[in-house]
Protein chains: 6
Amino acid sequence: MNKIVTFGEVLLRLSPPDHLRFTQATSFNLNYGGAEFNTCISLSLLGMPVSFVTRIPQNDLSNCLVQELNKYGVNSSNIIYGGKRLGVYYLESGAVLRGSKVIYDREHSSMAEIKPGIIDWHKVLKEAGWFHFTGITPAISQAAADETLMAVETAAALKIPVSIDLNYRAKLWQYGKSPSEIMPGLLNNCTIVLGDLNTVETYFGIEAEGNNETEKYLSAMMQLKNKFPNLQTIIFSYRGSINASHNTIGAYLYDGKDIIKSAEYDMSNMVDRLGGGDALMAGFIYGLNNYSSKADALNFAVAASALKSSIHGDTNYVSKEEVIEIMRGNTFGRISR
Amino acid sequence: MNKIVTFGEVLLRLSPPDHLRFTQATSFNLNYGGAEFNTCISLSLLGMPVSFVTRIPQNDLSNCLVQELNKYGVNSSNIIYGGKRLGVYYLESGAVLRGSKVIYDREHSSMAEIKPGIIDWHKVLKEAGWFHFTGITPAISQAAADETLMAVETAAALKIPVSIDLNYRAKLWQYGKSPSEIMPGLLNNCTIVLGDLNTVETYFGIEAEGNNETEKYLSAMMQLKNKFPNLQTIIFSYRGSINASHNTIGAYLYDGKDIIKSAEYDMSNMVDRLGGGDALMAGFIYGLNNYSSKADALNFAVAASALKSSIHGDTNYVSKEEVIEIMRGNTFGRISR
Amino acid sequence: MNKIVTFGEVLLRLSPPDHLRFTQATSFNLNYGGAEFNTCISLSLLGMPVSFVTRIPQNDLSNCLVQELNKYGVNSSNIIYGGKRLGVYYLESGAVLRGSKVIYDREHSSMAEIKPGIIDWHKVLKEAGWFHFTGITPAISQAAADETLMAVETAAALKIPVSIDLNYRAKLWQYGKSPSEIMPGLLNNCTIVLGDLNTVETYFGIEAEGNNETEKYLSAMMQLKNKFPNLQTIIFSYRGSINASHNTIGAYLYDGKDIIKSAEYDMSNMVDRLGGGDALMAGFIYGLNNYSSKADALNFAVAASALKSSIHGDTNYVSKEEVIEIMRGNTFGRISR
Amino acid sequence: MNKIVTFGEVLLRLSPPDHLRFTQATSFNLNYGGAEFNTCISLSLLGMPVSFVTRIPQNDLSNCLVQELNKYGVNSSNIIYGGKRLGVYYLESGAVLRGSKVIYDREHSSMAEIKPGIIDWHKVLKEAGWFHFTGITPAISQAAADETLMAVETAAALKIPVSIDLNYRAKLWQYGKSPSEIMPGLLNNCTIVLGDLNTVETYFGIEAEGNNETEKYLSAMMQLKNKFPNLQTIIFSYRGSINASHNTIGAYLYDGKDIIKSAEYDMSNMVDRLGGGDALMAGFIYGLNNYSSKADALNFAVAASALKSSIHGDTNYVSKEEVIEIMRGNTFGRISR
Amino acid sequence: MNKIVTFGEVLLRLSPPDHLRFTQATSFNLNYGGAEFNTCISLSLLGMPVSFVTRIPQNDLSNCLVQELNKYGVNSSNIIYGGKRLGVYYLESGAVLRGSKVIYDREHSSMAEIKPGIIDWHKVLKEAGWFHFTGITPAISQAAADETLMAVETAAALKIPVSIDLNYRAKLWQYGKSPSEIMPGLLNNCTIVLGDLNTVETYFGIEAEGNNETEKYLSAMMQLKNKFPNLQTIIFSYRGSINASHNTIGAYLYDGKDIIKSAEYDMSNMVDRLGGGDALMAGFIYGLNNYSSKADALNFAVAASALKSSIHGDTNYVSKEEVIEIMRGNTFGRISR
Amino acid sequence: MNKIVTFGEVLLRLSPPDHLRFTQATSFNLNYGGAEFNTCISLSLLGMPVSFVTRIPQNDLSNCLVQELNKYGVNSSNIIYGGKRLGVYYLESGAVLRGSKVIYDREHSSMAEIKPGIIDWHKVLKEAGWFHFTGITPAISQAAADETLMAVETAAALKIPVSIDLNYRAKLWQYGKSPSEIMPGLLNNCTIVLGDLNTVETYFGIEAEGNNETEKYLSAMMQLKNKFPNLQTIIFSYRGSINASHNTIGAYLYDGKDIIKSAEYDMSNMVDRLGGGDALMAGFIYGLNNYSSKADALNFAVAASALKSSIHGDTNYVSKEEVIEIMRGNTFGRISR
């Protein structure tokens with residue numbers, strides 16, 4: 001398969017160890033995180049060829065980030081150097097009924113201050129087989145939104161499948177535009193979308209209607225399909241929060257005809273809550289490219305996402321064999337020896 | 001509001017990390033703990049002015065303890081220096097169905113060997129708005145019991161509200177007096193009490209009677225009120241232990257007329273079991289001073305206590321906004337980003 | 001009582017901390033593990049005199065291992081030095097629905113390359129009161145199997161009770177023999193066995209039949225007794241896996257007449273899944289030697305095993321008093337202070 | 001004495017532990033650092049009353065920083081809240097002949113984007129006894145330079161002694177002004193200065209002349225005095241670098257009449273190279289206020305700075321008794337027991 | 001050889017990691033320390049049979065301490081249980097020119113409150129080949145001094161060699177007696193002594209005289225021999241402190257005829273300064289029992305002590321082969337591979 | 001430039017942290033090490049294109065090792081999978097005058113049991129520009145020696161420069177051949193060699209003669225050149241050990257005409273002693289390919305090696321700019337900020 005190209009920002013993730021609160025911390029664990037970055041590494045570990053595009057400053061921390069991509073086999077040759085800083089997010093991991101807290105410090109990052117036009121998308125994408133991005137990138141700055149649009153339009157022109165994870169972040173969108181002004185232009189060029197009920201209401205004013213969960217999901221997904229007829233496959237995920245360490249996860253898929261519901265997983269004693277959506281997206285891209293059945297693709301995606309809850313950091317370090325074990329119902333966590 | 005003054009002992013808490021047993025430990029995590037100390041810091045973080053009174057030796061570890069109080073905004077100017085040592089408690093954190101173990105090494109502490117009369121309670125309390133102590137302080141030594149009585153009587157004479165957390169510790173009371181000889185004299189001067197069914201039986205021989213939980217709690221609380229008519233508000237908490245990592249918590253309140261039951265919280269995957277009662281006490285003092293409704297005060301207290309289970313150490317590092325979120329039912333531990 | 005002698009291999013256990021995956025690890029926690037080693041230390045901590053026999057190379061790591069035995073009071077004077085290496089196993093601890101992974105690196109160990117005849121079993125066992133081994137030792141190599149048979153036959157000749165934990169490991173048995181060729185010869189000399197339904201099917205082709213769990217267990221245990229009439233007591237344990245952190249445990253006992261079912265324990269928030277069977281075996285040997293009732297012995301064994309899930313590493317660092325507390329139903333994990 | 005007021009920026013200091021390079025780091029140690037912040041805490045620990053003025057955003061990390069000030073007894077009531085971020089610096093600690101590396105990420109900090117006029121300097125300083133700042137603050141941004149000038153002029157008008165540590169940072173001064181345009185206006189209002197030969201050449205074009213070290217230092221200090229006649233006491237420090245872990249330190253003082261040379265200290269096996277100048281400055285302010293002899297003040301300052309090299313982080317956690325021990329020649333590092 | 005019996009107290013040693021000051025610590029490293037304990041473990045690792053006698057309370061921490069003795073092959077069967085606590089010492093490790101600080105919290109320990117007569121010294125010593133103690137034990141309390149005297153007199157009566165490390169601790173001797181009242185009675189029964197110039201002045205008023213180091217040492221040692229004619233071998237060690245991480249070590253021996261000077265070692269980049277004297281004592285006891293030449297015994301002792309500086313904790317975990325390598329001049333720290 | 005191909009074995013390096021002895025360790029730091037592996041990563045970080053060839057088993061640890069190569073930009077496409085294990089070496093880091101200890105556990109590794117002929121060297125090397133190996137590879141096993149010879153002969157046939165680091169390891173060479181039987185055949189095909197006086201004596205019986213160091217080095221290098229006339233450049237390094245933490249390093253070069261001596265570096269407070277020779281080799285290959293002067297190449301090599309002593313692990317994570325700074329004499333370890 002040709003390379004899957006993803007475009008987005010990477011942040012340093014700095015988090016107190018062992019569920020300590022900020023006030024107790026004397027050190028931070030270091031990880032890298034970013035929706036497209038996470039998806040990209042996950043795809044590579046599942047065996048797919050991938051390339052990650054972003055803009056980063058020229059310093060030793062950026063080198064570390066590129067080394068992280070290299071480590072997991074992600075092509076980093078299209079990364080642009082420039083600007084002054086990597087964004088940072090400080091994460092305080094919640095526990096019991098205390099939620100996690102995120103402090104963003106990502107303004108003025110190299111990615112936020114990208115110079116539109118600096119990336120030659122035609123060159124980047126001409127041998128690509130897929131383009132993926134999320135709703136976070138256009139939320140960073142006008143420049144990032146512009147660059148995303150260029151990428152998406154180039155991909156569409158090249159007839160490459162384009163996937164988006166809608167991924168709404170309320171604390172972004174600070175540059176004077178609302179999602180409803182920006183997202184439709186992007187969605188018009190997409191063929192695959194991962195969303196959820198709240199986000200489509202926020203972005204597009206879509207209200208789910210129906211007498212039960214399935215009807216509501218179908219209603220919202222049909223409205224989305226009507227708005228963006230180029231969409232071929234729509235998946236909506238949901239996550240149930242029992243408490244900070246105990247969630248459930250599942251998803252629905254709509255292909256313009258049928259609605260399919262995935263297996264649902266119960267995740268108690270979660271190690272890290274973050275990155276579940278990115279893992280699901282990676283799993284779904286993998287699934288669409290490796291299964292003939294969309295239901296299989298969906299179930300692969302949800303199983304991959306469930307596994308993510310067992311792994312520290314933002315990224316889903318799992319192999320396809322491990323995901324398939326979960327799909328087969330081997331969710332008991334037995335020892336393999 | 002005028003300062004809340006609390007009086008009690010602080011211990012070094014030394015515990016093997018990561019649920020290791022003592023026999024496996026090569027290091028100890030260091031925290032400070034003490035029922036009144038914990039309550040005091042928690043009140044300060046909730047926004048209340050507080051002053052902590054104790055007796056500590058003159059050494060670098062005592063300085064660290066005072067710095068801890070300073071860090072969280074607690075006034076330490078009434079602390080008395082003298083004696084030879086800080087008490088210590090070694091804590092082995094339990095897990096699954098193995099309970100936590102505590103080894104006390106607190107005899108001969110500066111607080112236990114306090115010289116009665118060394119504290120000028122009239123001066124300490126004359127501008128105070130509240131006095132708080134627990135049943136641990138009079139259990140340490142005759143001198144500590146005497147000093148506590150002086151404090152309580154001074155506070156009562158100054159018409160300052162006096163609260164007590166009954167807090168029975170079976171391993172204390174080694175100096176020749178039983179709680180039933182000491183506690184009544186103290187309770188006579190109190191207006192607010194936090195207790196539980198077992199403790200009032202131990203201290204005062206009160207036996208709860210009734211056909212259901214509510215009747216039993218009401219019975220015990222009414223008996224307590226009858227014994228100590230100065231008491232205006234009585235709360236009894238209960239904690240259900242499913243295992244070492246999974247508890248429930250709730251409380252009842254009796255104000256001389258009605259009995260109120262709080263919300264009850266389920267706490268699975270607890271980070272640290274200790275300090276829940278102290279957090280509840282702090283929450284209740286905060287609540288009584290900031291809510292017009294006693295039910296609100298009670299629910300604030302229990303929500304604060306539930307949050308404590310997510311925090312390492314003895315102390316409840318939470319803000320009032322975080323407690324209020326729990327009271328509002330946001331107990332799902334979602335990420336705030 | 002005379003010494004309990006156990007014979008088996010010890011491996012270095014190297015595991016990434018905090019549930020990290022191998023790819024994330026920059027350090028390994030170090031423990032020692034081996035079924036008979038674990039059982040041996042556990043028995044010593046329960047107060048029984050024990051001696052551990054194995055073969056290890058002459059180097060500083062072996063010294064550490066012997067020091068570990070010494071630390072817990074196990075006699076190490078019958079250990080044979082020789083060969084070139086300690087085996088290693090790398091353990092990646094699972095979480096949520098991700099299972100633990102074990103990478104064995106134990107070929108060519110000093111134990112695997114034992115020279116049959118190097119141990120004077122008559123001398124080792126002549127003052128012993130019990131001999132214990134597991135199905136792992138004969139699975140390592142022909143030499144280890146031969147040595148085990150010598151030990152067992154010597155013990156039988158000396159009329160010492162011989163216990164075996166069947167402990168099937170699929171990744172072993174690489175030396176050209178199958179369990180069904182080796183195990184019967186060993187079992188003929190045993191009086192006590194710990195097994196489970198799967199293992200007796202694998203080893204001896206025994207298929208459990210019956211309309212309910214009890215009937216099935218009874219069927220399998222009766223067949224086993226028929227095959228090996230010397231067996232006086234048979235226990236079969238079972239472990240339910242809800243997920244990697246949440247298991248249940250219980251066991252059945254058959255003494256040739258009656259079948260007894262143990263109490264069953266629910267173990268959520270497990271600290272370490274490994275070593276549960278070894279803890280059960282140690283508990284049962286303790287129980288048979290200290291209780292007049294076999295049901296008590298069985299319940300002691302299962303309670304000990306349940307406690308193991310709260311302890312890091314392979315070994316069950318618990319006292320008999322702690323086990324008895326669990327047997328009495330005190331499984332709530334309350335603080336002892 | 002009246003409060004010593006200092007004004008400057010605080011950064012999060014994030015550094016890989018144990019001399020690891022960035023590429024090896026999986027966590028960062030967390031400290032807070034800033035020239036005036038370090039000086040301020042050091043003064044407080046030496047027993048002086050201090051107040052720290054800065055601008056920080058409203059978030060949990062800022063709270064931690066204020067708690068750090070509180071912990072060490074520094075008044076934080078004049079801190080202004082606003083802006084969006086705390087600056088950060090990433091520190092890779094050198095070793096042997098590899099130098100330490102600093103990556104600054106401090107642009108757009110709350111302090112850099114201070115709104116001139118937001119601080120009521122008359123109010124802040126009216127009861128102060130001293131004002132201190134460094135050459136770093138005016139190097140951050142035009143706004144910070146303007147605010148500093150207001151502070152300095154207010155202090156001068158109130159006849160409060162003003163001290164400056166010249167502290168040149170080549171990577172700052174990015175806002176379009178050079179030190180030679182800004183620093184003279186500030187120096188005109190100062191009475192005490194800490195500098196070194198390179199910095200006065202960079203700032204003021206002063207070239208040291210003479211046949212030996214003393215003559216050169218005297219030459220430069222006299223030129224500085226001539227340029228800024230308000231200066232009453234000038235100290236120049238020097239640091240010899242044998243390698244990353246082995247330095248020497250000493251200083252010269254010129255009071256308009258005589259030049260004095262301090263004791264010189266040899267610092268091998270340094271724990272942390274940073275913050276030596278800030279410790280020296282704090283020591284000198286302490287010394288001027290507590291010794292009648294300027295030589296004593298100078299020697300106190302250099303001894304304090306030498307001690308700093310033994311302490312992790314940017315801040316000099318030492319008592320005056322400890323500094324005095326060093327001054328007395330007790331530099332052998334013997335155990336006090 | 002028959003067992004070497006040592007008698008003394010063991011303390012928990014709690015020290016902040018990585019040279020942190022107390023104010024920076026969030027955890028303590030845990031070691032056990034005590035002059036006789038350290039000597040005892042060191043002797044065992046050198047291959048000598050040893051037994052350690054002390055009094056400790058009955059709790060889990062005491063069990064850990066006994067396990068530590070067991071681990072290193074020290075006989076612990078003569079340990080007496082009773083009393084209430086283990087003493088503690090908090091150690092802040094110095095660096096560069098900052099000295100280490102020790103906070104003792106050892107009053108009221110089980111050893112300090114030993115009941116004289118509780119140990120049957122005749123039974124303990126009747127098969128012993130050596131008795132060793134230090135000047136710390138009689139400094140703890142009158143009871144400990146009394147017990148020590150009983151031990152020493154019993155040993156002398158049994159004609160067992162008795163060695164003492166004079167080991168003066170100024171912070172002890174709080175019970176109303178001075179060393180000059182107690183030590184002579186003990187020394188009268190000793191045959192081997194380790195001391196230094198300062199200590200013999202403090203204990204016995206001996207002043208060293210002479211024109212050079214050798215003459216001074218000879219003078220002091222001859223005076224000591226004159227005072228206590230039973231002494232057969234006297235060694236005096238000295239330690240040069242260049243700074244907290246760089247020391248030198250050497251020793252003199254006097255056997256009533258000649259004075260011998262040992263090799264001297266330079267110890268830079270020391271890992272842990274403590275326990276050097278105890279290591280030297282152990283080395284000397286080993287040497288006297290294994291070398292025909294007293295010079296060899298002395299050099300073995302000093303080499304052992306030099307090695308100790310490379311090891312964390314109080315105890316010298318080295319083999320005799322390693323000491324001999326140092327004696328042979330292999331002090332270059334090359335890799336053995 | 002075309003790729004530099006290196007061939008050798010990689011071991012897991014497991015070492016107790018913080019200079020702990022094995023007996024004190026509860027965890028091991030994990031690094032990867034191997035002479036050619038270290039050289040390879042170092043070359044890649046210096047900016048050279050490199051490919052690493054080895055044989056490893058198919059498991060998760062091998063994946064980690066390949067990810068490490070990927071991280072640092074080393075081509076891993078020629079790695080062969082097969083065999084059963086990665087070799088391990090346990091490293092106890094020395095300190096002060098205690099040397100480091102290495103326990104090898106590398107027998108039966110995938111590399112030792114390589115099947116000669118499995119690597120198509122013609123294919124691997126046909127586009128290579130350089131081949132590098134060390135004396136460790138032929139010391140592992142007959143198979144590894146055979147495979148090395150094939151590689152070297154193929155490279156020579158393709159007229160690719162071949163470099164060797166002689167690297168004698170006394171604990172290897174266990175398979176029945178001595179270096180003098182194997183090394184000459186390999187050296188015949190080499191053009192560049194890194195050695196030292198001891199190794200050429202061991203391998204080839206070369207004895208250095210002369211009145212001073214330079215003469216001795218020249219003598220030995222001339223003899224080596226005479227034995228192996230294909231050698232174009234010979235460097236001999238030397239390392240002075242003052243103690244385990246303080247070394248010096250330097251080297252001589254002989255090109256058939258002149259002898260050149262490098263700068264010499266003093267390395268006190270070393271972080272990690274290992275890998276210095278591999279760093280030197282990488283620096284020299286870099287130098288020969290990037291400098292016209294052999295003296296510059298030599299000095300680059302020695303400067304790179306000196307830097308290595310500041311870095312944890314076996315590998316030299318430095319850039320060419322950092323090496324050049326050292327070459328320029330900037331060895332003071334100043335902070336770059």
# chains A, B, ... in the order shown; residues from 1 in each chain; ligands from 1
call {"tool": "residues_around", "arguments": {"residues": "range 297-299 of chain D", "least_positions_apart": "2", "cutoff": "7 Å", "atoms": "only C-alpha atoms", "output": "VMD selection string"}}
result
chain D and resid 262 to 263 284 287 to 288 291 293 to 295 301 to 303 327
call {"tool": "interface_residues", "arguments": {"of": "chain B", "to": "chain D", "cutoff": "6 Å", "atoms": "only C-alpha atoms", "output": "MDAnalysis selection string"}}
result
chainID B and resid 67 70:71
call {"tool": "residues_around", "arguments": {"residues": "range 102-117 of chain B", "least_positions_apart": "2", "cutoff": "9 Å", "atoms": "only C-alpha atoms", "output": "NGL selection string"}}
result
(:B and (8-11 or 54-57 or 81-93 or 100 or 119-121 or 137 or 140-144 or 146-147 or 150 or 171)) or (:C and (335-337)) or (:E and (59-61 or 84-86 or 107-108))
call {"tool": "write_last_selection", "arguments": {"atoms": "C-alpha atoms", "output": "short mmCIF file (atom, residue, chain, number, x, y, z; two decimals), in the first residue's frame"}}
result
data_model
loop_
_atom_site.label_atom_id
_atom_site.label_comp_id
_atom_site.auth_asym_id
_atom_site.auth_seq_id
_atom_site.Cartn_x
_atom_site.Cartn_y
_atom_site.Cartn_z
CA GLY B 8 -2.68 18.31 67.53
CA GLU B 9 0.35 16.26 66.68
CA VAL B 10 2.06 15.73 63.35
CA LEU B 11 3.91 12.54 62.54
CA THR B 54 1.58 21.90 68.13
CA ARG B 55 4.90 21.24 69.85
CA ILE B 56 7.90 20.12 67.83
CA PRO B 57 11.63 19.78 68.42
CA TYR B 81 9.47 24.44 70.03
CA GLY B 82 10.82 21.98 72.54
CA GLY B 83 11.17 18.33 73.33
CA LYS B 84 13.24 15.84 71.46
CA ARG B 85 11.52 14.19 68.59
CA LEU B 86 8.82 14.07 65.98
CA GLY B 87 6.72 10.96 66.17
CA VAL B 88 6.84 8.60 63.23
CA TYR B 89 4.43 6.15 61.74
CA TYR B 90 5.43 3.51 59.27
CA LEU B 91 2.67 2.65 56.84
CA GLU B 92 2.51 -0.44 54.68
CA SER B 93 -0.21 0.18 52.12
CA SER B 100 -2.73 -1.65 55.44
CA ILE B 119 0.76 27.53 75.45
CA ASP B 120 -1.03 30.79 76.25
CA TRP B 121 -4.42 29.67 74.97
CA THR B 137 -4.60 14.37 71.03
CA ILE B 140 -1.32 10.61 73.47
CA SER B 141 -0.41 11.39 77.08
CA GLN B 142 -1.73 12.92 80.25
CA ALA B 143 0.08 16.13 79.41
CA ALA B 144 -1.50 16.31 75.97
CA ASP B 146 -4.44 18.32 80.02
CA GLU B 147 -3.32 20.81 77.41
CA MET B 150 -7.15 23.93 78.71
CA LYS B 171 -3.16 1.62 70.17
CA ILE C 335 -6.13 -0.57 58.20
CA SER C 336 -4.64 -2.21 61.23
CA ARG C 337 -3.68 0.68 63.54
CA ASN E 59 7.51 -5.64 64.92
CA ASP E 60 7.77 -5.90 61.16
CA LEU E 61 10.70 -3.49 60.94
CA LYS E 84 9.32 -0.42 72.05
CA ARG E 85 11.30 0.98 69.20
CA LEU E 86 14.20 0.85 66.84
CA GLU E 107 16.44 7.66 72.71
CA HIS E 108 14.11 5.12 74.32
#
call {"tool": "residues_around", "arguments": {"residues": "Tyr203 in chain E", "least_positions_apart": "2", "cutoff": "6 Å", "atoms": "only C-alpha atoms", "output": "ChimeraX atom specification"}}
result
/E:179-180,199-201
call {"tool": "write_last_selection", "arguments": {"atoms": "C-alpha atoms", "output": "PDB file, in the first residue's frame"}}
result
ATOM      1  CA  PRO E 179      33.400   8.510  78.855  1.00  0.00           C
ATOM      2  CA  SER E 180      36.232   8.878  81.329  1.00  0.00           C
ATOM      3  CA  THR E 199      39.288  10.059  70.919  1.00  0.00           C
ATOM      4  CA  VAL E 200      41.999   8.978  73.308  1.00  0.00           C
ATOM      5  CA  GLU E 201      42.351  12.595  74.352  1.00  0.00           C
TER       6      GLU E 201
END
call {"tool": "residues_around", "arguments": {"residues": "range 244-250 of chain C", "least_positions_apart": "6", "cutoff": "7 Å", "atoms": "only C-alpha atoms", "output": "list in words"}}
result
Asn269, Phe332, Gly333 and Arg334 of chain A; Gly94, Ala95, Val96, Leu97, Arg98, Gly99, Ser237, Tyr238, Ser262, Ala263, Glu264, Tyr265, Asp266, Met267, Ser268, Asn269, Met270, Val302 and Ala306 of chain C
call {"tool": "closest_residue", "arguments": {"among": "B:Asn75, B:Asn29, B:Ser42, B:Phe7", "to": "Leu149 in chain B", "atoms": "only C-alpha atoms"}}
result
B:Phe7
